[in-house]
file final.cif (mmCIF, C-alpha atoms and all ligand atoms)
data_work
#
loop_
_atom_site.group_PDB
_atom_site.id
_atom_site.type_symbol
_atom_site.label_atom_id
_atom_site.label_comp_id
_atom_site.auth_asym_id
_atom_site.auth_seq_id
_atom_site.Cartn_x
_atom_site.Cartn_y
_atom_site.Cartn_z
ATOM 1 C CA MET M 119 15.407 2.206 1.901
ATOM 2 C CA ILE M 120 11.772 1.578 1.181
ATOM 3 C CA LEU M 121 9.797 2.413 -1.953
ATOM 4 C CA ALA M 122 6.150 1.980 -0.975
ATOM 5 C CA VAL M 123 3.373 1.284 -3.454
ATOM 6 C CA GLU M 124 0.002 2.394 -2.141
ATOM 7 C CA GLY M 125 -3.502 2.619 -3.521
ATOM 8 C CA LEU M 126 -6.996 1.226 -3.182
ATOM 9 C CA ASP M 127 -7.627 -2.470 -3.784
ATOM 10 C CA GLY M 128 -7.755 -3.364 -7.450
ATOM 11 C CA VAL M 129 -5.507 -0.615 -8.851
ATOM 12 C CA GLY M 130 -2.663 -3.007 -9.691
ATOM 13 C CA LYS M 131 -0.326 -2.554 -6.717
ATOM 14 C CA THR M 132 0.834 -6.163 -6.626
ATOM 15 C CA THR M 133 1.637 -6.449 -10.341
ATOM 16 C CA VAL M 134 3.366 -3.072 -10.496
ATOM 17 C CA SER M 135 5.304 -3.538 -7.251
ATOM 18 C CA ARG M 136 6.612 -6.937 -8.398
ATOM 19 C CA LEU M 137 7.793 -5.419 -11.688
ATOM 20 C CA LEU M 138 9.368 -2.541 -9.796
ATOM 21 C CA ALA M 139 11.229 -4.862 -7.435
ATOM 22 C CA ALA M 140 12.612 -6.787 -10.422
ATOM 23 C CA ARG M 141 13.719 -3.599 -12.191
ATOM 24 C CA LEU M 142 15.341 -2.097 -9.124
ATOM 25 C CA ASN M 143 16.872 -5.403 -8.037
ATOM 26 C CA ALA M 144 14.994 -4.993 -4.759
ATOM 27 C CA ALA M 145 13.179 -7.287 -2.351
ATOM 28 C CA HIS M 146 9.397 -7.361 -2.780
ATOM 29 C CA VAL M 147 7.602 -7.376 0.562
ATOM 30 C CA ALA M 148 3.815 -7.479 0.715
ATOM 31 C CA LEU M 149 1.897 -6.248 3.738
ATOM 32 C CA PRO M 150 1.511 -8.620 5.386
ATOM 33 C CA PRO M 151 4.190 -10.996 4.053
ATOM 34 C CA PRO M 152 2.756 -14.482 3.377
ATOM 35 C CA GLU M 153 4.365 -15.956 6.513
ATOM 36 C CA LEU M 154 2.444 -13.436 8.637
ATOM 37 C CA LEU M 155 -0.792 -13.700 6.686
ATOM 38 C CA LEU M 156 -3.827 -13.041 8.803
ATOM 39 C CA ARG M 157 -5.122 -16.244 10.363
ATOM 40 C CA THR M 158 -8.688 -15.147 10.599
ATOM 41 C CA THR M 159 -10.104 -14.981 14.063
ATOM 42 C CA ALA M 160 -13.403 -13.130 14.413
ATOM 43 C CA LEU M 161 -11.633 -10.381 16.336
ATOM 44 C CA LEU M 162 -9.009 -9.765 13.687
ATOM 45 C CA ARG M 163 -11.504 -9.901 10.847
ATOM 46 C CA ARG M 164 -13.606 -7.068 12.225
ATOM 47 C CA HIS M 165 -13.443 -4.038 9.986
ATOM 48 C CA ASP M 166 -13.136 -1.582 12.882
ATOM 49 C CA SER M 167 -10.943 -3.686 15.122
ATOM 50 C CA LEU M 168 -8.047 -2.219 17.085
ATOM 51 C CA ALA M 169 -6.520 -5.718 17.044
ATOM 52 C CA ARG M 170 -6.517 -5.672 13.267
ATOM 53 C CA TYR M 171 -4.902 -2.209 13.184
ATOM 54 C CA LEU M 172 -2.148 -3.377 15.534
ATOM 55 C CA TYR M 173 -1.634 -6.552 13.504
ATOM 56 C CA TYR M 174 -1.066 -4.615 10.253
ATOM 57 C CA LEU M 175 1.220 -2.073 11.899
ATOM 58 C CA SER M 176 3.310 -4.918 13.328
ATOM 59 C CA ALA M 177 3.499 -6.436 9.867
ATOM 60 C CA ALA M 178 4.667 -3.041 8.546
ATOM 61 C CA ALA M 179 7.378 -2.994 11.204
ATOM 62 C CA ALA M 180 8.484 -6.407 9.855
ATOM 63 C CA THR M 181 8.791 -4.847 6.377
ATOM 64 C CA ASP M 182 11.072 -2.228 7.898
ATOM 65 C CA VAL M 183 13.238 -4.933 9.500
ATOM 66 C CA VAL M 184 14.027 -6.218 5.986
ATOM 67 C CA ALA M 185 14.938 -2.678 4.886
ATOM 68 C CA GLN M 186 17.141 -2.185 7.958
ATOM 69 C CA SER M 187 19.270 -5.090 6.803
ATOM 70 C CA GLY M 188 20.419 -2.845 3.952
ATOM 71 C CA VAL M 189 18.226 -4.364 1.250
ATOM 72 C CA LEU M 190 16.182 -2.044 -0.948
ATOM 73 C CA VAL M 191 12.550 -2.945 -0.359
ATOM 74 C CA VAL M 192 9.590 -2.381 -2.647
ATOM 75 C CA ALA M 193 6.646 -2.543 -0.249
ATOM 76 C CA ASP M 194 3.279 -3.634 -1.579
ATOM 77 C CA ARG M 195 1.380 -1.446 0.931
ATOM 78 C CA TYR M 196 3.090 -0.074 4.016
ATOM 79 C CA VAL M 197 2.408 2.030 7.101
ATOM 80 C CA ALA M 198 0.242 4.599 5.256
ATOM 81 C CA SER M 199 -2.237 1.861 4.276
ATOM 82 C CA ALA M 200 -2.492 0.655 7.855
ATOM 83 C CA HIS M 201 -3.287 4.155 9.132
ATOM 84 C CA ALA M 202 -5.649 5.050 6.292
ATOM 85 C CA LEU M 203 -7.617 1.796 6.385
ATOM 86 C CA HIS M 204 -8.061 2.035 10.136
ATOM 87 C CA LEU M 205 -9.148 5.668 10.246
ATOM 88 C CA HIS M 206 -12.373 4.676 11.924
ATOM 89 C CA VAL M 207 -10.752 2.825 14.794
ATOM 90 C CA ALA M 208 -11.120 5.210 17.703
ATOM 91 C CA GLY M 209 -9.946 5.479 21.314
ATOM 92 C CA GLU M 210 -6.756 6.203 23.180
ATOM 93 C CA ALA M 211 -4.901 3.102 21.984
ATOM 94 C CA ALA M 212 -5.744 3.912 18.331
ATOM 95 C CA GLN M 213 -4.447 7.444 18.854
ATOM 96 C CA ILE M 214 -1.180 6.092 20.256
ATOM 97 C CA LEU M 215 -0.816 3.806 17.232
ATOM 98 C CA ARG M 216 -1.462 6.693 14.830
ATOM 99 C CA ASP M 217 1.223 8.768 16.576
ATOM 100 C CA LEU M 218 3.894 6.031 16.471
ATOM 101 C CA PRO M 219 7.012 7.366 14.761
ATOM 102 C CA LEU M 220 7.305 4.540 12.255
ATOM 103 C CA PRO M 221 9.957 4.836 9.542
ATOM 104 C CA ALA M 222 8.789 6.699 6.432
ATOM 105 C CA PRO M 223 9.500 5.336 2.966
ATOM 106 C CA THR M 224 11.977 7.251 0.812
ATOM 107 C CA LEU M 225 9.284 7.408 -1.875
ATOM 108 C CA THR M 226 5.641 6.405 -2.025
ATOM 109 C CA VAL M 227 3.994 5.754 -5.369
ATOM 110 C CA TYR M 228 0.244 6.128 -5.092
ATOM 111 C CA LEU M 229 -1.548 4.299 -7.890
ATOM 112 C CA THR M 230 -5.004 5.329 -9.047
ATOM 113 C CA ALA M 231 -7.366 3.783 -11.581
ATOM 114 C CA ASP M 232 -10.761 4.805 -12.797
ATOM 115 C CA GLU M 233 -13.493 3.383 -10.577
ATOM 116 C CA GLN M 234 -14.947 1.127 -13.268
ATOM 117 C CA SER M 235 -11.730 -0.761 -13.988
ATOM 118 C CA ARG M 236 -10.860 -0.923 -10.287
ATOM 119 C CA ARG M 237 -14.203 -2.555 -9.540
ATOM 120 C CA ALA M 238 -13.884 -4.888 -12.517
ATOM 121 C CA ARG M 239 -10.496 -6.106 -11.215
ATOM 122 C CA LEU M 240 -11.805 -6.467 -7.694
ATOM 123 C CA ASN M 241 -14.888 -8.410 -8.736
ATOM 124 C CA GLY M 242 -12.775 -10.682 -10.925
ATOM 125 C CA ARG M 243 -10.710 -11.924 -7.974
ATOM 126 C CA ALA M 244 -10.904 -15.589 -7.128
ATOM 127 C CA THR M 245 -10.686 -15.015 -3.363
ATOM 128 C CA PRO M 246 -13.739 -13.552 -1.614
ATOM 129 C CA LEU M 247 -13.571 -9.884 -0.669
ATOM 130 C CA ASP M 248 -11.987 -9.049 2.647
ATOM 131 C CA PRO M 249 -14.044 -6.826 5.069
ATOM 132 C CA PHE M 250 -12.043 -3.798 3.898
ATOM 133 C CA GLU M 251 -12.451 -4.597 0.244
ATOM 134 C CA LYS M 252 -16.200 -4.915 0.890
ATOM 135 C CA ALA M 253 -16.320 -1.630 2.803
ATOM 136 C CA LEU M 254 -14.284 0.147 0.134
ATOM 137 C CA ASN M 255 -16.620 -1.256 -2.489
ATOM 138 C CA ASP M 256 -19.776 -0.332 -0.628
ATOM 139 C CA SER M 257 -18.977 2.991 1.004
ATOM 140 C CA GLU M 258 -18.013 5.929 -1.171
ATOM 141 C CA PRO M 259 -17.211 8.189 1.844
ATOM 142 C CA PHE M 260 -14.864 5.552 3.315
ATOM 143 C CA ARG M 261 -13.181 5.068 -0.053
ATOM 144 C CA THR M 262 -12.757 8.821 -0.534
ATOM 145 C CA ALA M 263 -11.319 9.278 2.964
ATOM 146 C CA VAL M 264 -8.817 6.429 2.491
ATOM 147 C CA ALA M 265 -7.804 7.676 -0.967
ATOM 148 C CA ARG M 266 -7.386 11.261 0.250
ATOM 149 C CA ARG M 267 -5.177 10.113 3.110
ATOM 150 C CA LEU M 268 -3.011 7.904 0.958
ATOM 151 C CA ARG M 269 -2.485 10.330 -1.902
ATOM 152 C CA SER M 270 -1.553 13.242 0.360
ATOM 153 C CA GLY M 271 1.147 11.444 2.350
ATOM 154 C CA PRO M 272 4.752 12.707 2.507
ATOM 155 C CA ASN M 273 7.011 12.072 -0.526
ATOM 156 C CA THR M 274 4.060 10.689 -2.453
ATOM 157 C CA HIS M 275 3.870 10.696 -6.245
ATOM 158 C CA VAL M 276 0.558 9.861 -7.882
ATOM 159 C CA ILE M 277 0.479 7.689 -11.015
ATOM 160 C CA ASP M 278 -2.796 7.088 -12.838
ATOM 161 C CA THR M 279 -2.748 3.545 -14.221
ATOM 162 C CA THR M 280 -5.943 3.904 -16.270
ATOM 163 C CA GLY M 281 -5.314 2.639 -19.794
ATOM 164 C CA HIS M 282 -1.622 1.906 -19.133
ATOM 165 C CA ALA M 283 0.154 -1.439 -19.091
ATOM 166 C CA ALA M 284 1.708 -2.398 -15.753
ATOM 167 C CA GLU M 285 5.173 -2.290 -17.416
ATOM 168 C CA ASP M 286 4.651 1.376 -18.377
ATOM 169 C CA VAL M 287 3.490 2.242 -14.872
ATOM 170 C CA ALA M 288 6.585 0.511 -13.447
ATOM 171 C CA ASP M 289 8.781 2.466 -15.914
ATOM 172 C CA ALA M 290 7.239 5.731 -14.756
ATOM 173 C CA ALA M 291 7.807 4.765 -11.115
ATOM 174 C CA VAL M 292 11.475 3.826 -11.779
ATOM 175 C CA LYS M 293 12.023 7.263 -13.330
ATOM 176 C CA ILE M 294 10.560 8.969 -10.269
ATOM 177 C CA TRP M 295 12.670 6.754 -7.973
ATOM 178 C CA ASP M 296 15.845 7.640 -9.886
ATOM 179 C CA ARG M 297 15.032 11.322 -9.642
ATOM 180 C CA VAL M 298 14.351 11.110 -5.912
ATOM 181 C CA VAL M 299 17.356 8.953 -5.009
ATOM 182 C CA HIS M 300 19.933 10.160 -7.514
ATOM 183 C CA GLY M 301 18.852 13.805 -7.530
ATOM 184 C CA GLY M 302 17.826 14.101 -11.149
ATOM 185 C CA ARG M 303 20.338 11.676 -12.667
ATOM 186 C CA ASP M 304 18.425 8.897 -14.404
ATOM 187 C CA ALA M 305 20.440 5.932 -13.111
ATOM 188 C CA SER M 306 18.255 3.413 -14.955
ATOM 189 C CA THR M 307 19.761 4.570 -18.278
ATOM 190 C CA GLU M 308 23.357 4.429 -17.079
ATOM 191 C CA HIS M 309 23.989 0.741 -17.586
HETATM 192 C C1 LIG M 401 -2.502 -2.619 5.210
HETATM 193 C C2 LIG M 401 -3.824 -3.151 5.594
HETATM 194 C C3 LIG M 401 -4.550 -3.942 4.755
HETATM 195 N N1 LIG M 401 -5.751 -4.423 5.139
HETATM 196 C C4 LIG M 401 -6.547 -5.227 4.219
HETATM 197 C C5 LIG M 401 -6.857 -4.419 2.971
HETATM 198 C C6 LIG M 401 -7.146 -5.430 1.961
HETATM 199 O O1 LIG M 401 -8.537 -5.579 1.880
HETATM 200 C C7 LIG M 401 -6.491 -6.692 2.505
HETATM 201 C C8 LIG M 401 -5.492 -7.279 1.584
HETATM 202 O O2 LIG M 401 -4.658 -6.300 1.083
HETATM 203 P P1 LIG M 401 -3.972 -6.535 -0.340
HETATM 204 O O3 LIG M 401 -5.087 -6.467 -1.341
HETATM 205 O O4 LIG M 401 -3.008 -5.395 -0.473
HETATM 206 O O5 LIG M 401 -3.321 -7.863 -0.277
HETATM 207 O O6 LIG M 401 -5.898 -6.352 3.759
HETATM 208 C C9 LIG M 401 -6.278 -4.161 6.370
HETATM 209 O O7 LIG M 401 -7.342 -4.631 6.709
HETATM 210 N N2 LIG M 401 -5.589 -3.374 7.219
HETATM 211 C C10 LIG M 401 -4.380 -2.840 6.889
HETATM 212 O O8 LIG M 401 -3.784 -2.117 7.699
#
call {"tool": "encode", "arguments": {"input": "final.cif", "output": "structure tokens"}}
result
Amino acid sequence: MILAVEGLDGVGKTTVSRLLAARLNAAHVALPPPELLLRTTALLRRHDSLARYLYYLSAAAATDVVAQSGVLVVADRYVASAHALHLHVAGEAAQILRDLPLPAPTLTVYLTADEQSRRARLNGRATPLDPFEKALNDSEPFRTAVARRLRSGPNTHVIDTTGHAAEDVADAAVKIWDRVVHGGRDASTEH
């Protein structure tokens, strides 16, 4: 099973998903996992590149391979991110990729944060902004389209992180997970 954590850059996905994986005794798999990290060719770096879309979807398929082995996976971004971030990639091949029946997560937690704190986190990063981070920073329509896509996906629960510690956000997500998987029984309080 996969519990996906989605959201715009800078909302705290990595911190929260790591805490969640620890609490649920699950594997934490980032998209892409470090061993598949984008080796930047000009083609792959392009914001609107079909190659980049395909690369991220393949990485998502690798996340699913881990889940298929029976391990519970907390995914730090998953298929929904790949589709949403590559909305602008057009053409027949892009359409085929969008229609691929990739495995859906059991639950997706969509994290939001107010725009000011999101930007503050993003600007505080040591690594330079990726083309998508730049585009999301610079283009309000792109950001809105990506956010709308991500938050309206199937089995998606929205958690606003504004003013909350990552531990509290992870607690809230564990409660939702328990409800979804154990049908209302709060398994996290049973042991
Ligand atoms: C999932 C995904 C991420 N990205 C970008 C978004 C982020 O700017 C960057 C790193 O993501 P991260 O902040 O979750 O590590 O990768 C894509 O370009 N295409 C994709 O399909």
call {"tool": "atom_distance", "arguments": {"input": "final.cif", "atom1": "atom CA of M:Pro152", "atom2": "atom CA of M:Gln234"}}
result
28.9 Å
call {"tool": "residues_around", "arguments": {"input": "final.cif", "residues": "M:Ser270", "least_positions_apart": "3", "cutoff": "12 Å", "atoms": "only C-alpha atoms", "output": "PyMOL selection string"}}
result
chain M and resi 124-125+198+202+226-228+263-267+273-276
call {"tool": "write_last_selection", "arguments": {"input": "final.cif", "atoms": "C-alpha atoms", "output": "PDB file, in the coordinates of the input"}}
result
ATOM      1  CA  GLU M 124       0.002   2.394  -2.141  1.00  0.00           C
ATOM      2  CA  GLY M 125      -3.502   2.619  -3.521  1.00  0.00           C
ATOM      3  CA  ALA M 198       0.242   4.599   5.256  1.00  0.00           C
ATOM      4  CA  ALA M 202      -5.649   5.050   6.292  1.00  0.00           C
ATOM      5  CA  THR M 226       5.641   6.405  -2.025  1.00  0.00           C
ATOM      6  CA  VAL M 227       3.994   5.754  -5.369  1.00  0.00           C
ATOM      7  CA  TYR M 228       0.244   6.128  -5.092  1.00  0.00           C
ATOM      8  CA  ALA M 263     -11.319   9.278   2.964  1.00  0.00           C
ATOM      9  CA  VAL M 264      -8.817   6.429   2.491  1.00  0.00           C
ATOM     10  CA  ALA M 265      -7.804   7.676  -0.967  1.00  0.00           C
ATOM     11  CA  ARG M 266      -7.386  11.261   0.250  1.00  0.00           C
ATOM     12  CA  ARG M 267      -5.177  10.113   3.110  1.00  0.00           C
ATOM     13  CA  ASN M 273       7.011  12.072  -0.526  1.00  0.00           C
ATOM     14  CA  THR M 274       4.060  10.689  -2.453  1.00  0.00           C
ATOM     15  CA  HIS M 275       3.870  10.696  -6.245  1.00  0.00           C
ATOM     16  CA  VAL M 276       0.558   9.861  -7.882  1.00  0.00           C
TER      17      VAL M 276
END
call {"tool": "residues_around", "arguments": {"input": "final.cif", "residues": "M:Ile214", "least_positions_apart": "4", "cutoff": "12 Å", "atoms": "only C-alpha atoms", "output": "list in words"}}
result
Leu168, Tyr171, Leu172, Leu175, His201, Val207, Ala208, Gly209, Glu210, Leu218, Pro219 and Leu220 of chain M
call {"tool": "write_last_selection", "arguments": {"input": "final.cif", "atoms": "C-alpha atoms", "output": "compact mmCIF listing (two decimals), in the coordinates of the input"}}
result
# COMPACT_ATOMS: atom_id res chain seq x y z
CA LEU M 168 -8.05 -2.22 17.08
CA TYR M 171 -4.90 -2.21 13.18
CA LEU M 172 -2.15 -3.38 15.53
CA LEU M 175 1.22 -2.07 11.90
CA HIS M 201 -3.29 4.16 9.13
CA VAL M 207 -10.75 2.82 14.79
CA ALA M 208 -11.12 5.21 17.70
CA GLY M 209 -9.95 5.48 21.31
CA GLU M 210 -6.76 6.20 23.18
CA LEU M 218 3.89 6.03 16.47
CA PRO M 219 7.01 7.37 14.76
CA LEU M 220 7.30 4.54 12.26
call {"tool": "closest_residue", "arguments": {"input": "final.cif", "among": "M:Asp278, M:Asp296, M:Asp217, M:Asp194", "to": "ligand LIG 401 (chain M)", "atoms": "all atoms listed in the file"}}
result
M:Asp194
call {"tool": "residues_near_ligand", "arguments": {"input": "final.cif", "ligand": "ligand LIG 401 (chain M)", "cutoff": "6 Å", "atoms": "all atoms listed in the file", "output": "list in words"}}
result
Asp127, Leu149, Tyr171, Tyr174, Arg195, Ser199, Ala200, Leu203, Asp248, Phe250 and Glu251 of chain M
call {"tool": "closest_residue", "arguments": {"input": "final.cif", "among": "M:Thr279, M:His204, M:Gly128, M:Phe260", "to": "M:Leu247", "atoms": "all atoms listed in the file"}}
result
M:Gly128
call {"tool": "residues_around", "arguments": {"input": "final.cif", "residues": "M:Val292", "least_positions_apart": "6", "cutoff": "12 Å", "atoms": "all atoms listed in the file", "output": "list in words"}}
result
Leu121, Val123, Val134, Ser135, Leu137, Leu138, Ala139, Ala140, Arg141, Leu142, Asn143, Ala144, Val192, Leu225, Thr226, Val227, His275, Ile277, Glu285, Asp286, Val298, Val299, His300, Arg303, Asp304, Ala305, Ser306 and Thr307 of chain M
call {"tool": "residues_around", "arguments": {"input": "final.cif", "residues": "stretch 161-167 of chain M", "least_positions_apart": "2", "cutoff": "6 Å", "atoms": "all atoms listed in the file", "output": "mmCIF file with C-alpha atoms, in the frame of the given file"}}
result
data_model
loop_
_atom_site.group_PDB
_atom_site.id
_atom_site.type_symbol
_atom_site.label_atom_id
_atom_site.label_comp_id
_atom_site.auth_asym_id
_atom_site.auth_seq_id
_atom_site.Cartn_x
_atom_site.Cartn_y
_atom_site.Cartn_z
ATOM 1 C CA THR M 158 -8.688 -15.147 10.599
ATOM 2 C CA THR M 159 -10.104 -14.981 14.063
ATOM 3 C CA ALA M 169 -6.520 -5.718 17.044
ATOM 4 C CA ARG M 170 -6.517 -5.672 13.267
ATOM 5 C CA VAL M 207 -10.752 2.825 14.794
ATOM 6 C CA PRO M 249 -14.044 -6.826 5.069
#
call {"tool": "closest_residue", "arguments": {"input": "final.cif", "among": "M:Glu233, M:Thr280, M:Ala244, M:Gln186", "to": "M:Arg261", "atoms": "all atoms listed in the file"}}
result
M:Glu233
call {"tool": "atom_distance", "arguments": {"input": "final.cif", "atom1": "atom CA of M:Ala284", "atom2": "atom CA of M:Asp232"}}
result
14.7 Å
call {"tool": "atom_distance", "arguments": {"input": "final.cif", "atom1": "atom CA of M:Arg243", "atom2": "atom CA of M:Asp289"}}
result
25.5 Å
call {"tool": "axis_aligned_box", "arguments": {"input": "final.cif", "around": "stretch 184-197 of chain M", "padding_each_side": "6 Å", "output": "JSON"}}
result
{"center_x": 10.9, "center_y": -2.1, "center_z": 2.7, "size_x": 31.0, "size_y": 20.2, "size_z": 22.6}
call {"tool": "closest_residue", "arguments": {"input": "final.cif", "among": "M:Thr132, M:Thr181, M:Leu229, M:Pro221", "to": "M:Ala291", "atoms": "only C-alpha atoms"}}
result
M:Leu229
call {"tool": "closest_residue", "arguments": {"input": "final.cif", "among": "M:Leu154, M:Val147, M:Leu190, M:Val183", "to": "M:Ile120", "atoms": "all atoms listed in the file"}}
result
M:Leu190
call {"tool": "closest_residue", "arguments": {"input": "final.cif", "among": "M:Val197, M:Val129, M:Ala179, M:Ala148", "to": "M:Gly271", "atoms": "all atoms listed in the file"}}
result
M:Val197
